[in-house]
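See structure below.
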Amino acid sequence: MSVTPRINYFSYLLDGANWAGVDSSIPQRLLEHVAYTLITLVISAAIALPIGLLIGHTNRGALLAINIGNAGRALPTFGLLSLMVTLVGTGTLPVLVALVVLAVPPILSATYAGIRSVDPSAVNAAIGMGMRPSQVLFKAEVPMALPLIFGGLRSALLQVCATATVAAYVGFGGLGRFLIDGLSTNDYAQVFAGAVLVAVLAIALDFLSAAVQRAAVSPGVRARSARAGSGAGRRPGTSRTSQPAPTADASS
C-alpha cells in the first residue's frame, strides 16, 4: 500500500532564499504584480472617468456607452489575452489590453451612477450661483459623487490585481509566475504561495484604497453617502433621473 507524502504548503513561503534573491524572488514578483495592476488602473481610469463624467453630466449616450463597456466585461480575460497574442504576438500590449477591458466597465458604470445620484438641489444651487457647466460638474457634482466613483475604482483595482496573474502566461513576471512555474514542475507549495500572495496583496490594496478614499472624500459627503446607503438620505422623487443606473453593480 503506497503512502502519499504530505505536502508542506508553507515551505516555499517560509524559505528565506525565496525572499532574498533579486530575480524571481517574492519581493521582485510582488513589485512586478503591483506595477501591472497600477498601470492598468491608470490607463482604465484615463479612459473611463472622462466618459463617465460626460454621460453622467449630460445623460446622453449613457445606455450605449455602458452597454459597450459591459460587453467587454463579458469577455473572458484569458480568452481575450490568447486572441491578442495570436493577433499581435507576445509583449506588454496583449496583457494591458486584456486587463484594461476588464477594468473599464466598473469605473465607467460607477462614475455615471455617482454623477446621476447627486442631489438636484445642489446642482440647481450651483447653477443659480452663476457657475458654468464645467464648474457645476467639477465643483458640485464630482465632490458629491466621489464615494461611488471610488467604489468603482476600488472594484476595478481588486479585479485587476486578482487577474493580473495572466501576465505570466505570455512570459511576464508578477505573482502569476509562481502559479505557472509551480504547476509546470508539480511544485504545489509554490502554487500555494502564489495564491496566498495574490489574496494578501488584494486585501492590502483594498485597505490602502479605502484609506485614500477616506482622505479624499469630505466627512459631510461620507455621512450623506452612508445615510443614502441606509435609505434615509434621499426623499422619493429627488433623483435627477427616473431610471436606475444601467448596471446594478455600478457602485461595487
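Residues in the C-alpha cells are numbered from 1 in each chain, the chains being A, B, ... in the order shown, and ligands are numbered from 1 in the order shown.
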Restrict the calculation to only C-alpha atoms, then for each residue of range 91-152 of chain A with any atom at most 12 Å from an atom of range 46-52 of chain A give the closest atom pair and their distance in Å to one decimal, rows by chain and rising residue number, as CSV.
```
residue,atom,partner,partner_atom,distance
A:Val100,CA,A:Ile47,CA,9.2
A:Val101,CA,A:Ile47,CA,10.4
A:Leu102,CA,A:Ala48,CA,11.5
A:Ala103,CA,A:Ala48,CA,8.9
A:Val104,CA,A:Ala48,CA,5.6
A:Pro105,CA,A:Ala48,CA,7.6
A:Pro106,CA,A:Ala48,CA,8.8
A:Ile107,CA,A:Ala48,CA,6.0
A:Leu108,CA,A:Ala48,CA,4.8
A:Ser109,CA,A:Gly52,CA,7.0
A:Ala110,CA,A:Gly52,CA,7.9
A:Thr111,CA,A:Gly52,CA,5.0
A:Tyr112,CA,A:Gly52,CA,4.7
A:Ala113,CA,A:Gly52,CA,8.4
A:Gly114,CA,A:Gly52,CA,9.1
A:Ile115,CA,A:Gly52,CA,8.2
A:Arg116,CA,A:Gly52,CA,10.1
A:Leu137,CA,A:Pro50,CA,11.4
A:Phe138,CA,A:Pro50,CA,11.5
A:Val142,CA,A:Leu49,CA,10.8
A:Ala145,CA,A:Gly52,CA,11.4
A:Leu146,CA,A:Leu49,CA,11.5
A:Leu148,CA,A:Gly52,CA,11.7
A:Ile149,CA,A:Leu49,CA,8.6
A:Phe150,CA,A:Leu49,CA,10.8
A:Gly152,CA,A:Leu49,CA,10.0
```
Residue contacts of range 185-198 of chain A (6 Å, only C-alpha atoms) excluding same-chain residues fewer than 5 positions away, as a PyMOL selection string: chain A and resi 9+12-13+175+178-179
Between A:Ala199, A:Met144, A:Ala74, A:Val85, single out the one closest to Val97 in chain A, counting only C-alpha atoms.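 Closest candidate: A:Val85.
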Distance criterion (only C-alpha atoms): nearest to Leu80 in chain A out of A:Tyr36, A:Pro143, A:Asn67, A:Val166: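 So, comparing all the options, the nearest one is A:Val166.
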Write out as a PyMOL selection string all residues of range 1-244 of chain A that DSSP puts in helix (DSSP H, G or I) for this structure's backbone. chain A and resi 11-14+17-20+26-58+62-74+77-88+92-116+120-128+133-170+176-184+188-216+219-229
Between A:Val212, A:Ile180, A:Met84, A:Leu30, which is the closest to Ala98 in chain A once you count only C-alpha atoms? A:Met84
Show me, as an MDAnalysis selection string, the residues that have an atom within 12 Å of Val95 in chain A when counting only C-alpha atoms, minus same-chain residues fewer than 6 positions from it. chainID A and resid 36:37 39:40 77:85 88:89 101:102 160 163:174
Could you save the residues just selected, with C-alpha atoms, as a compact mmCIF listing (two decimals), in the first residue's frame?
```
# COMPACT_ATOMS: atom_id res chain seq x y z
CA TYR A 36 0.93 45.71 -13.77
CA THR A 37 -2.06 46.47 -11.55
CA ILE A 39 -0.50 50.79 -14.79
CA THR A 40 -3.73 49.08 -15.84
CA THR A 77 -9.81 37.75 -19.84
CA PHE A 78 -7.74 34.66 -20.60
CA GLY A 79 -9.54 34.18 -23.93
CA LEU A 80 -9.02 37.83 -24.87
CA LEU A 81 -5.36 37.58 -23.93
CA SER A 82 -4.95 34.49 -26.11
CA LEU A 83 -6.65 36.29 -29.00
CA MET A 84 -4.41 39.34 -28.64
CA VAL A 85 -1.30 37.15 -28.54
CA VAL A 88 -0.09 40.96 -32.26
CA GLY A 89 2.28 38.44 -30.66
CA VAL A 101 -11.02 45.76 -20.93
CA LEU A 102 -11.70 44.15 -17.55
CA VAL A 160 -7.16 43.62 -11.95
CA THR A 163 -6.48 38.73 -12.77
CA ALA A 164 -3.00 40.14 -13.46
CA THR A 165 -1.65 36.63 -12.89
CA VAL A 166 -2.42 36.01 -16.59
CA ALA A 167 0.65 38.10 -17.43
CA ALA A 168 2.77 35.04 -16.64
CA TYR A 169 1.02 33.16 -19.44
CA VAL A 170 2.86 35.27 -22.04
CA GLY A 171 6.20 35.16 -20.27
CA PHE A 172 5.94 38.18 -18.00
CA GLY A 173 6.52 38.26 -14.26
CA GLY A 174 4.20 39.01 -11.39
```
For the atom pair CA of Gly61 in chain A and CA of Val136 in chain A, what is the interatomic distance in Å to one decimal place?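 Interatomic distance, CA of Gly61 in chain A to CA of Val136 in chain A: 19.8 Å.
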The distance between CA of Gly151 in chain A and CA of Val34 in chain A is 19.3 Å
